[in-house]
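Source file: query-v9.cif; contents: mmCIF, C-alpha atoms.
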```
data_upload
loop_
_atom_site.group_PDB
_atom_site.id
_atom_site.type_symbol
_atom_site.label_atom_id
_atom_site.label_comp_id
_atom_site.auth_asym_id
_atom_site.auth_seq_id
_atom_site.Cartn_x
_atom_site.Cartn_y
_atom_site.Cartn_z
ATOM 1 C CA MET A 224 114.314 62.949 11.370
ATOM 2 C CA ARG A 225 111.920 60.026 11.067
ATOM 3 C CA ARG A 226 112.620 59.121 14.699
ATOM 4 C CA ARG A 227 112.168 62.669 15.967
ATOM 5 C CA LYS A 228 108.808 62.649 17.713
ATOM 6 C CA ARG A 229 108.593 66.400 18.234
ATOM 7 C CA PRO A 230 110.900 68.331 15.918
ATOM 8 C CA THR A 231 111.545 72.033 16.260
ATOM 9 C CA PRO A 232 110.697 74.348 13.355
ATOM 10 C CA ALA A 233 114.421 74.632 12.660
ATOM 11 C CA ASP A 234 114.693 70.834 12.457
ATOM 12 C CA LEU A 235 112.178 70.937 9.594
ATOM 13 C CA GLY A 236 113.868 73.856 7.843
ATOM 14 C CA LEU A 237 111.073 76.308 8.638
ATOM 15 C CA THR A 238 111.757 79.995 9.032
ATOM 16 C CA ALA A 239 111.044 81.744 12.319
ATOM 17 C CA ASP A 240 107.816 83.214 10.903
ATOM 18 C CA GLU A 241 106.674 79.856 9.514
ATOM 19 C CA GLY A 242 107.459 78.163 12.804
ATOM 20 C CA ARG A 243 105.567 80.820 14.731
ATOM 21 C CA ILE A 244 102.464 80.445 12.556
ATOM 22 C CA LEU A 245 102.373 76.657 12.667
ATOM 23 C CA GLY A 246 103.597 76.333 16.241
ATOM 24 C CA ALA A 247 100.671 78.432 17.464
ATOM 25 C CA LEU A 248 98.245 75.773 16.195
ATOM 26 C CA LYS A 249 98.244 73.720 19.378
ATOM 27 C CA THR A 250 95.201 71.520 18.724
ATOM 28 C CA PRO A 251 93.606 69.776 15.751
ATOM 29 C CA GLN A 252 90.677 72.175 16.092
ATOM 30 C CA ARG A 253 92.927 75.208 15.712
ATOM 31 C CA ILE A 254 94.679 73.599 12.767
ATOM 32 C CA GLN A 255 91.290 72.989 11.136
ATOM 33 C CA GLU A 256 90.312 76.641 11.596
ATOM 34 C CA PHE A 257 93.609 77.725 10.047
ATOM 35 C CA VAL A 258 93.418 75.577 6.917
ATOM 36 C CA VAL A 259 89.762 76.501 6.351
ATOM 37 C CA GLY A 260 90.862 80.141 6.536
ATOM 38 C CA LEU A 261 93.308 79.665 3.668
ATOM 39 C CA HIS A 262 91.722 80.683 0.377
ATOM 40 C CA ALA A 263 90.870 77.835 -1.970
ATOM 41 C CA ASN A 264 93.584 77.160 -4.532
ATOM 42 C CA PHE A 265 91.616 76.903 -7.772
ATOM 43 C CA GLU A 266 94.816 76.226 -9.781
ATOM 44 C CA HIS A 267 93.902 78.833 -12.402
ATOM 45 C CA ASN A 268 97.367 78.603 -13.939
ATOM 46 C CA GLY A 269 97.583 74.815 -13.965
ATOM 47 C CA ASP A 270 97.854 71.956 -11.485
ATOM 48 C CA THR A 271 99.887 72.545 -8.345
ATOM 49 C CA LEU A 272 101.016 70.539 -5.353
ATOM 50 C CA ARG A 273 102.723 73.138 -3.211
ATOM 51 C CA SER A 274 104.761 72.402 -0.132
ATOM 52 C CA VAL A 275 103.824 73.731 3.279
ATOM 53 C CA ARG A 276 106.017 76.754 2.582
ATOM 54 C CA GLY A 277 104.315 77.348 -0.753
ATOM 55 C CA ALA A 278 100.838 77.151 0.765
ATOM 56 C CA LEU A 279 101.776 79.598 3.533
ATOM 57 C CA ARG A 280 103.369 81.973 1.052
ATOM 58 C CA HIS A 281 100.358 82.038 -1.276
ATOM 59 C CA ARG A 282 97.832 81.909 1.607
ATOM 60 C CA GLU A 283 95.780 79.383 -0.365
ATOM 61 C CA ALA A 284 95.563 75.610 -0.694
ATOM 62 C CA HIS A 285 93.581 72.748 -2.113
ATOM 63 C CA CYS A 286 92.882 69.638 -0.046
ATOM 64 C CA LEU A 287 96.277 67.935 -0.355
ATOM 65 C CA GLU A 288 98.260 71.131 0.112
ATOM 66 C CA ALA A 289 96.178 71.848 3.221
ATOM 67 C CA ALA A 290 96.794 68.272 4.390
ATOM 68 C CA PHE A 291 100.539 68.946 4.225
ATOM 69 C CA VAL A 292 100.096 72.096 6.318
ATOM 70 C CA ALA A 293 97.959 70.281 8.891
ATOM 71 C CA ALA A 294 100.317 67.309 9.078
ATOM 72 C CA CYS A 295 103.309 69.587 9.622
ATOM 73 C CA ALA A 296 101.493 71.484 12.374
ATOM 74 C CA LEU A 297 100.600 68.215 14.111
ATOM 75 C CA TRP A 298 104.188 67.014 13.865
ATOM 76 C CA LEU A 299 105.393 70.182 15.582
ATOM 77 C CA GLN A 300 103.038 69.266 18.446
ATOM 78 C CA GLY A 301 104.553 65.802 18.725
ATOM 79 C CA GLU A 302 101.933 63.899 16.708
ATOM 80 C CA PRO A 303 102.729 61.823 13.619
ATOM 81 C CA PRO A 304 102.125 63.546 10.262
ATOM 82 C CA LEU A 305 99.592 61.109 8.798
ATOM 83 C CA VAL A 306 97.303 61.592 5.802
ATOM 84 C CA MET A 307 94.646 59.430 4.166
ATOM 85 C CA ASP A 308 93.684 59.387 0.501
ATOM 86 C CA LEU A 309 90.032 59.007 -0.499
ATOM 87 C CA THR A 310 89.637 58.004 -4.129
ATOM 88 C CA ALA A 311 86.588 58.526 -6.284
ATOM 89 C CA ALA A 312 85.171 57.171 -9.501
ATOM 90 C CA LYS A 313 86.789 58.395 -12.711
ATOM 91 C CA ASP A 314 84.355 61.287 -13.193
ATOM 92 C CA ASP A 315 85.121 62.839 -9.800
ATOM 93 C CA SER A 316 88.112 64.150 -7.841
ATOM 94 C CA ASP A 317 89.958 62.408 -5.021
ATOM 95 C CA HIS A 318 90.222 63.969 -1.559
ATOM 96 C CA VAL A 319 92.942 63.880 1.109
ATOM 97 C CA VAL A 320 92.560 64.397 4.860
ATOM 98 C CA THR A 321 95.034 64.640 7.748
ATOM 99 C CA LEU A 322 94.595 62.050 10.483
ATOM 100 C CA PHE A 323 94.837 62.321 14.246
ATOM 101 C CA ARG A 324 93.779 60.140 17.179
ATOM 102 C CA ARG A 325 92.202 60.824 20.533
ATOM 103 C CA ASN A 326 91.404 58.114 23.102
ATOM 104 C CA GLY A 327 92.076 55.438 20.489
ATOM 105 C CA CYS A 328 89.663 56.871 17.915
ATOM 106 C CA TRP A 329 90.410 58.552 14.595
ATOM 107 C CA GLY A 330 89.458 62.043 13.483
ATOM 108 C CA ALA A 331 90.342 64.121 10.429
ATOM 109 C CA ILE A 332 91.406 67.651 9.560
ATOM 110 C CA SER A 333 90.175 68.462 6.081
ATOM 111 C CA LYS A 334 89.879 71.407 3.694
ATOM 112 C CA SER A 335 87.114 71.543 1.111
ATOM 113 C CA ASN A 336 85.305 74.396 -0.570
ATOM 114 C CA HIS A 337 82.084 72.502 0.191
ATOM 115 C CA ALA A 338 80.624 71.878 3.628
ATOM 116 C CA TRP A 339 80.455 68.084 3.253
ATOM 117 C CA LEU A 340 84.080 66.948 3.229
ATOM 118 C CA ARG A 341 85.597 68.872 6.118
ATOM 119 C CA TRP A 342 86.468 68.119 9.752
ATOM 120 C CA ARG A 343 85.604 64.823 11.425
ATOM 121 C CA ASP A 344 85.473 64.479 15.207
ATOM 122 C CA PRO A 345 87.770 61.782 16.691
ATOM 123 C CA VAL A 346 85.011 59.242 17.287
ATOM 124 C CA TYR A 347 85.760 56.646 14.594
ATOM 125 C CA ARG A 348 87.130 53.290 15.711
ATOM 126 C CA ASN A 349 89.081 52.618 12.520
ATOM 127 C CA LEU A 350 89.934 54.215 9.209
ATOM 128 C CA ARG A 351 87.126 52.488 7.373
ATOM 129 C CA GLU A 352 84.568 54.032 9.711
ATOM 130 C CA LEU A 353 86.176 57.410 9.195
ATOM 131 C CA ALA A 354 86.205 57.031 5.412
ATOM 132 C CA MET A 355 82.568 55.912 5.373
ATOM 133 C CA SER A 356 81.585 59.126 7.169
ATOM 134 C CA TYR A 357 82.370 60.902 3.874
ATOM 135 C CA PHE A 358 80.466 58.454 1.668
ATOM 136 C CA HIS A 359 76.904 59.788 1.654
ATOM 137 C CA GLU A 360 77.728 63.342 0.545
ATOM 138 C CA TYR A 361 80.600 62.423 -1.767
ATOM 139 C CA PHE A 362 78.885 62.764 -5.117
ATOM 140 C CA ASN A 363 79.230 64.258 -8.572
ATOM 141 C CA ASN A 364 76.726 64.677 -11.389
ATOM 142 C CA GLY A 365 74.020 63.205 -9.181
ATOM 143 C CA ARG A 366 75.961 60.010 -8.438
ATOM 144 C CA LYS A 367 77.762 58.874 -5.273
ATOM 145 C CA THR A 368 81.386 58.371 -6.235
ATOM 146 C CA LEU A 369 83.592 57.559 -3.222
ATOM 147 C CA ARG A 370 85.248 54.183 -3.811
ATOM 148 C CA THR A 371 88.403 53.548 -1.751
ATOM 149 C CA TYR A 372 90.480 54.803 1.171
ATOM 150 C CA SER A 373 94.185 54.427 1.838
ATOM 151 C CA VAL A 374 96.235 53.285 4.773
ATOM 152 C CA ALA A 375 97.445 55.956 7.185
ATOM 153 C CA PHE A 376 100.279 57.418 5.111
ATOM 154 C CA ASP A 377 103.206 58.687 7.186
ATOM 155 C CA LEU A 378 104.845 61.732 5.597
ATOM 156 C CA ARG A 379 107.998 61.149 7.652
ATOM 157 C CA ARG A 380 109.063 58.706 4.965
ATOM 158 C CA PHE A 381 110.068 61.819 2.978
ATOM 159 C CA VAL A 382 112.702 64.349 3.945
ATOM 160 C CA PRO A 383 111.179 67.685 5.016
ATOM 161 C CA GLU A 384 112.568 69.436 1.941
ATOM 162 C CA THR A 385 110.273 67.263 -0.170
ATOM 163 C CA TRP A 386 106.929 68.407 1.243
ATOM 164 C CA ILE A 387 107.550 71.086 3.879
ATOM 165 C CA THR A 388 110.094 73.585 2.539
ATOM 166 C CA GLY A 389 110.527 72.667 -1.125
ATOM 167 C CA GLU A 390 110.096 75.331 -3.780
ATOM 168 C CA GLU A 391 108.931 72.902 -6.455
ATOM 169 C CA ASN A 392 105.651 71.021 -6.722
ATOM 170 C CA CYS A 393 105.578 67.888 -4.570
ATOM 171 C CA TRP A 394 104.552 65.484 -7.314
ATOM 172 C CA ASP A 395 106.633 62.588 -5.962
ATOM 173 C CA VAL A 396 104.814 62.713 -2.634
ATOM 174 C CA GLY A 397 101.455 62.825 -4.374
ATOM 175 C CA ALA A 398 102.405 59.868 -6.566
ATOM 176 C CA ALA A 399 103.520 57.830 -3.550
ATOM 177 C CA LEU A 400 100.208 58.528 -1.845
ATOM 178 C CA ASP A 401 98.372 57.394 -4.974
ATOM 179 C CA ASP A 402 100.426 54.189 -4.921
ATOM 180 C CA ALA A 403 99.815 53.448 -1.236
ATOM 181 C CA ARG A 404 97.599 50.515 -0.371
ATOM 182 C CA HIS A 405 93.910 51.323 -0.752
ATOM 183 C CA TYR A 406 90.849 49.436 0.418
ATOM 184 C CA ARG A 407 87.498 49.195 -1.316
ATOM 185 C CA LEU A 408 84.578 50.802 0.508
ATOM 186 C CA ILE A 409 81.716 49.149 -1.363
ATOM 187 C CA LYS A 410 81.341 46.054 -3.498
ATOM 188 C CA PRO A 411 80.285 46.348 -7.158
ATOM 189 C CA ALA A 412 76.974 44.624 -6.380
ATOM 190 C CA GLN A 413 76.164 47.348 -3.849
ATOM 191 C CA MET A 414 76.446 50.135 -6.391
ATOM 192 C CA ARG A 415 73.048 49.390 -7.897
ATOM 193 C CA TRP A 416 71.384 50.239 -4.571
ATOM 194 C CA LEU A 417 72.970 53.679 -4.192
ATOM 195 C CA MET A 418 70.330 56.397 -4.108
ATOM 196 C CA PRO A 419 71.269 59.636 -5.882
ATOM 197 C CA PRO A 420 71.123 62.899 -3.913
ATOM 198 C CA ASP A 421 67.717 64.557 -4.005
ATOM 199 C CA ALA A 422 66.938 68.117 -5.059
ATOM 200 C CA THR A 423 67.391 69.558 -1.563
ATOM 201 C CA VAL A 424 70.830 67.996 -1.164
ATOM 202 C CA LEU A 425 71.847 69.275 -4.589
ATOM 203 C CA ARG A 426 70.765 72.798 -3.646
ATOM 204 C CA ALA A 427 72.793 72.549 -0.446
ATOM 205 C CA ASP A 428 75.789 71.354 -2.449
ATOM 206 C CA ASP A 429 75.724 74.632 -4.374
ATOM 207 C CA LEU A 430 76.938 76.419 -1.231
ATOM 208 C CA VAL A 431 80.709 77.020 -1.293
ATOM 209 C CA GLN A 432 83.056 79.005 0.937
ATOM 210 C CA TYR A 433 85.047 80.691 -1.805
ATOM 211 C CA GLU A 434 83.739 81.728 -5.213
ATOM 212 C CA SER A 435 85.886 81.510 -8.321
ATOM 213 C CA ARG A 436 85.840 83.258 -11.689
ATOM 214 C CA ASP A 437 83.258 80.712 -12.745
ATOM 215 C CA ARG A 438 80.812 78.664 -10.702
ATOM 216 C CA LYS A 439 81.973 75.347 -12.102
ATOM 217 C CA THR A 440 85.534 75.758 -10.855
ATOM 218 C CA ALA A 441 84.459 76.814 -7.370
ATOM 219 C CA ARG A 442 82.261 73.733 -7.061
ATOM 220 C CA LYS A 443 84.982 71.368 -8.235
ATOM 221 C CA TYR A 444 87.027 71.952 -5.092
#
```

Show the structure stored in the file as structure tokens.
Amino acid sequence: MRRRKRPTPADLGLTADEGRILGALKTPQRIQEFVVGLHANFEHNGDTLRSVRGALRHREAHCLEAAFVAACALWLQGEPPLVMDLTAAKDDSDHVVTLFRRNGCWGAISKSNHAWLRWRDPVYRNLRELAMSYFHEYFNNGRKTLRTYSVAFDLRRFVPETWITGEENCWDVGAALDDARHYRLIKPAQMRWLMPPDATVLRADDLVQYESRDRKTARKY
């Protein structure tokens, strides 16, 4: 399967309905629209890392679950299923995006309940440039928190049952992504020069796509 450039839905173990839904997403732009349209998974009943099948069944996803969906859709179009992990300081959450390339430049498909951490056009010459495009608005408690980015992580290293059709949480895939090689975005000496977001930016950050039972949860995702 790793060598299969453009698998069929059946190759990946998808049902006819799942294959029809994902196969219709012919471009990264259409994939982005689809994952944004999935409701935010606020994990009210505890942490989850659902497979592609689980995300489609529940019609909701957080960033990594949406990254699985996007990567699978790209793979069905003959593109490699690549994701990148963005890690934050200890008081903030990490973020995961799905990678694609056009004309030698990188772009990203990304789900976030906020406006800041979503789609990136394929105009970035390397992964560091792409990761840095998220830096300015990646903040928590009035402090910029983005610290590292990973290599392009190829999900074909796992059998499809692990992250596409599995019924259990995909913790092993998440752990492997955590363990992938990461690169520092800023040096410790540069941290003292980081300007906190001003009042206008903080007001803008209060805008979310999906509300939760409480405002704090909705703004975490």

Run the PyMOL selection byres ((chain A and resi 307) around 12) against the file shown and list the residues it catches, as a PyMOL selection string. chain A and resi 286-287+290-291+294+304-306+308-310+317-323+329-333+350-351+353-354+371-378+397+399-406

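Atom pair CA of Glu256 (chain A) / CA of Trp342 (chain A) has a distance of 9.5 Å (rounded to one decimal).
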
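As for CA of Glu266 (chain A) and CA of His285 (chain A), they are spaced 8.5 Å apart.
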
Enclose region 243-247 of chain A, meaning all of its atoms listed in the file, in a box aligned along x, y and z, pad it by 5 Å on each side, and list the centre and edge lengths in Å to one decimal, as JSON.
```
{"center_x": 103.1, "center_y": 78.6, "center_z": 15.0, "size_x": 14.9, "size_y": 14.5, "size_z": 14.9}
```

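Nearest to His281 (chain A) of all the residues A:Leu408, A:Asn264, A:Gly246, A:Ile254 is A:Asn264, based on only C-alpha atoms.
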
Using the chain letters and numbers from the file, which residues does the PyMOL selection byres ((chain A and resi 424) around 12) grab, as a PyMOL selection string? chain A and resi 338-339+359-363+365-366+418-423+425-430

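Proximity of A:Leu237, A:Arg341, A:Gly260, A:Pro230 to Gly277 (chain A), computed with all atoms listed in the file, is greatest for A:Leu237.
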
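Among the candidates A:Cys328, A:Val382, A:Leu369, A:Leu340, the one nearest to Asp315 (chain A) when counting only C-alpha atoms is A:Leu369.
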
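Our summary of the geometry notes that CA of Val396 (chain A) is positioned 27.3 Å from CA of Ser435 (chain A).
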
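When only C-alpha atoms are used to compute distances to Arg343 (chain A), the closest of the residues A:Gln300, A:Gln413, A:Thr231, A:Gln252 turns out to be A:Gln252.
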
Could you name the residues that touch Ala247 (chain A) at 12 Å or less, counting all atoms listed in the file, but leaving out those on the same chain fewer than 5 positions away, as a CSV table (one decimal) with C-alpha atoms, in the coordinates of the input?
```csv
chain,number,residue,atom,x,y,z
A,232,PRO,CA,110.7,74.3,13.4
A,240,ASP,CA,107.8,83.2,10.9
A,241,GLU,CA,106.7,79.9,9.5
A,242,GLY,CA,107.5,78.2,12.8
A,252,GLN,CA,90.7,72.2,16.1
A,253,ARG,CA,92.9,75.2,15.7
A,254,ILE,CA,94.7,73.6,12.8
A,257,PHE,CA,93.6,77.7,10.0
A,296,ALA,CA,101.5,71.5,12.4
A,297,LEU,CA,100.6,68.2,14.1
A,299,LEU,CA,105.4,70.2,15.6
A,300,GLN,CA,103.0,69.3,18.4
```

Please return as number ranges by chain every residue within 8 Å of (96.2, 77.2, 5.5), taking into account all atoms listed in the file and the file's own coordinates. A: 257-262, 278-279, 282-284, 289, 292-293

Kindly complete region 339-373 of chain A to N, CA and C atoms; the output should be written as a PDB file, keeping the file's coordinate frame.
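To be explicit, this is the file written out as part_17.pdb:
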```pdb
ATOM      1  N   TRP A 339      80.573  69.520   2.964  1.00  0.00           N
ATOM      2  CA  TRP A 339      80.455  68.084   3.253  1.00  0.00           C
ATOM      3  C   TRP A 339      81.744  67.419   3.708  1.00  0.00           C
ATOM      4  N   LEU A 340      82.863  67.765   3.110  1.00  0.00           N
ATOM      5  CA  LEU A 340      84.080  66.948   3.229  1.00  0.00           C
ATOM      6  C   LEU A 340      85.118  67.550   4.172  1.00  0.00           C
ATOM      7  N   ARG A 341      84.672  68.184   5.221  1.00  0.00           N
ATOM      8  CA  ARG A 341      85.597  68.872   6.118  1.00  0.00           C
ATOM      9  C   ARG A 341      85.931  68.035   7.364  1.00  0.00           C
ATOM     10  N   TRP A 342      86.058  68.700   8.471  1.00  0.00           N
ATOM     11  CA  TRP A 342      86.468  68.119   9.752  1.00  0.00           C
ATOM     12  C   TRP A 342      85.637  66.907  10.133  1.00  0.00           C
ATOM     13  N   ARG A 343      86.298  65.934  10.789  1.00  0.00           N
ATOM     14  CA  ARG A 343      85.604  64.823  11.425  1.00  0.00           C
ATOM     15  C   ARG A 343      86.088  64.710  12.868  1.00  0.00           C
ATOM     16  N   ASP A 344      85.128  64.640  13.801  1.00  0.00           N
ATOM     17  CA  ASP A 344      85.473  64.479  15.207  1.00  0.00           C
ATOM     18  C   ASP A 344      86.158  63.132  15.436  1.00  0.00           C
ATOM     19  N   PRO A 345      87.043  63.039  16.431  1.00  0.00           N
ATOM     20  CA  PRO A 345      87.770  61.782  16.691  1.00  0.00           C
ATOM     21  C   PRO A 345      86.909  60.770  17.429  1.00  0.00           C
ATOM     22  N   VAL A 346      85.942  60.209  16.702  1.00  0.00           N
ATOM     23  CA  VAL A 346      85.011  59.242  17.287  1.00  0.00           C
ATOM     24  C   VAL A 346      84.964  57.935  16.494  1.00  0.00           C
ATOM     25  N   TYR A 347      85.820  57.799  15.491  1.00  0.00           N
ATOM     26  CA  TYR A 347      85.760  56.646  14.594  1.00  0.00           C
ATOM     27  C   TYR A 347      86.773  55.583  15.012  1.00  0.00           C
ATOM     28  N   ARG A 348      86.304  54.356  15.153  1.00  0.00           N
ATOM     29  CA  ARG A 348      87.130  53.290  15.711  1.00  0.00           C
ATOM     30  C   ARG A 348      88.240  52.847  14.782  1.00  0.00           C
ATOM     31  N   ASN A 349      88.063  53.015  13.486  1.00  0.00           N
ATOM     32  CA  ASN A 349      89.081  52.618  12.520  1.00  0.00           C
ATOM     33  C   ASN A 349      88.963  53.505  11.294  1.00  0.00           C
ATOM     34  N   LEU A 350      89.904  53.343  10.375  1.00  0.00           N
ATOM     35  CA  LEU A 350      89.934  54.215   9.209  1.00  0.00           C
ATOM     36  C   LEU A 350      88.766  53.965   8.265  1.00  0.00           C
ATOM     37  N   ARG A 351      88.290  52.743   8.222  1.00  0.00           N
ATOM     38  CA  ARG A 351      87.126  52.488   7.373  1.00  0.00           C
ATOM     39  C   ARG A 351      85.906  53.267   7.868  1.00  0.00           C
ATOM     40  N   GLU A 352      85.678  53.248   9.169  1.00  0.00           N
ATOM     41  CA  GLU A 352      84.568  54.032   9.711  1.00  0.00           C
ATOM     42  C   GLU A 352      84.721  55.504   9.349  1.00  0.00           C
ATOM     43  N   LEU A 353      85.931  56.005   9.517  1.00  0.00           N
ATOM     44  CA  LEU A 353      86.176  57.410   9.195  1.00  0.00           C
ATOM     45  C   LEU A 353      85.906  57.684   7.719  1.00  0.00           C
ATOM     46  N   ALA A 354      86.421  56.838   6.840  1.00  0.00           N
ATOM     47  CA  ALA A 354      86.205  57.031   5.412  1.00  0.00           C
ATOM     48  C   ALA A 354      84.729  56.965   5.057  1.00  0.00           C
ATOM     49  N   MET A 355      83.991  56.050   5.675  1.00  0.00           N
ATOM     50  CA  MET A 355      82.568  55.912   5.373  1.00  0.00           C
ATOM     51  C   MET A 355      81.762  57.135   5.808  1.00  0.00           C
ATOM     52  N   SER A 356      82.301  57.917   6.751  1.00  0.00           N
ATOM     53  CA  SER A 356      81.585  59.126   7.169  1.00  0.00           C
ATOM     54  C   SER A 356      81.515  60.154   6.043  1.00  0.00           C
ATOM     55  N   TYR A 357      82.384  60.002   5.032  1.00  0.00           N
ATOM     56  CA  TYR A 357      82.370  60.902   3.874  1.00  0.00           C
ATOM     57  C   TYR A 357      81.525  60.351   2.723  1.00  0.00           C
ATOM     58  N   PHE A 358      81.051  59.131   2.825  1.00  0.00           N
ATOM     59  CA  PHE A 358      80.466  58.454   1.668  1.00  0.00           C
ATOM     60  C   PHE A 358      79.174  59.103   1.174  1.00  0.00           C
ATOM     61  N   HIS A 359      78.246  59.382   2.069  1.00  0.00           N
ATOM     62  CA  HIS A 359      76.904  59.788   1.654  1.00  0.00           C
ATOM     63  C   HIS A 359      76.899  61.077   0.844  1.00  0.00           C
ATOM     64  N   GLU A 360      77.722  62.046   1.248  1.00  0.00           N
ATOM     65  CA  GLU A 360      77.728  63.342   0.545  1.00  0.00           C
ATOM     66  C   GLU A 360      78.847  63.456  -0.479  1.00  0.00           C
ATOM     67  N   TYR A 361      79.518  62.386  -0.776  1.00  0.00           N
ATOM     68  CA  TYR A 361      80.600  62.423  -1.767  1.00  0.00           C
ATOM     69  C   TYR A 361      79.986  62.052  -3.108  1.00  0.00           C
ATOM     70  N   PHE A 362      79.573  63.060  -3.859  1.00  0.00           N
ATOM     71  CA  PHE A 362      78.885  62.764  -5.117  1.00  0.00           C
ATOM     72  C   PHE A 362      79.257  63.780  -6.196  1.00  0.00           C
ATOM     73  N   ASN A 363      78.970  63.406  -7.423  1.00  0.00           N
ATOM     74  CA  ASN A 363      79.230  64.258  -8.572  1.00  0.00           C
ATOM     75  C   ASN A 363      78.242  63.890  -9.666  1.00  0.00           C
ATOM     76  N   ASN A 364      77.700  64.909 -10.313  1.00  0.00           N
ATOM     77  CA  ASN A 364      76.726  64.677 -11.389  1.00  0.00           C
ATOM     78  C   ASN A 364      75.584  63.771 -10.934  1.00  0.00           C
ATOM     79  N   GLY A 365      75.153  63.967  -9.684  1.00  0.00           N
ATOM     80  CA  GLY A 365      74.020  63.205  -9.181  1.00  0.00           C
ATOM     81  C   GLY A 365      74.302  61.753  -8.861  1.00  0.00           C
ATOM     82  N   ARG A 366      75.597  61.400  -8.696  1.00  0.00           N
ATOM     83  CA  ARG A 366      75.961  60.010  -8.438  1.00  0.00           C
ATOM     84  C   ARG A 366      76.997  59.949  -7.323  1.00  0.00           C
ATOM     85  N   LYS A 367      76.796  59.046  -6.356  1.00  0.00           N
ATOM     86  CA  LYS A 367      77.762  58.874  -5.273  1.00  0.00           C
ATOM     87  C   LYS A 367      79.011  58.195  -5.823  1.00  0.00           C
ATOM     88  N   THR A 368      80.175  58.768  -5.509  1.00  0.00           N
ATOM     89  CA  THR A 368      81.386  58.371  -6.235  1.00  0.00           C
ATOM     90  C   THR A 368      82.546  57.890  -5.367  1.00  0.00           C
ATOM     91  N   LEU A 369      82.462  57.979  -4.055  1.00  0.00           N
ATOM     92  CA  LEU A 369      83.592  57.559  -3.222  1.00  0.00           C
ATOM     93  C   LEU A 369      83.770  56.046  -3.317  1.00  0.00           C
ATOM     94  N   ARG A 370      85.007  55.604  -3.555  1.00  0.00           N
ATOM     95  CA  ARG A 370      85.248  54.183  -3.811  1.00  0.00           C
ATOM     96  C   ARG A 370      86.271  53.531  -2.887  1.00  0.00           C
ATOM     97  N   THR A 371      87.370  54.189  -2.569  1.00  0.00           N
ATOM     98  CA  THR A 371      88.403  53.548  -1.751  1.00  0.00           C
ATOM     99  C   THR A 371      89.002  54.536  -0.764  1.00  0.00           C
ATOM    100  N   TYR A 372      89.718  53.987   0.217  1.00  0.00           N
ATOM    101  CA  TYR A 372      90.480  54.803   1.171  1.00  0.00           C
ATOM    102  C   TYR A 372      91.839  54.145   1.362  1.00  0.00           C
ATOM    103  N   SER A 373      92.821  54.940   1.706  1.00  0.00           N
ATOM    104  CA  SER A 373      94.185  54.427   1.838  1.00  0.00           C
ATOM    105  C   SER A 373      94.515  54.094   3.285  1.00  0.00           C
TER     106      SER A 373
END
```
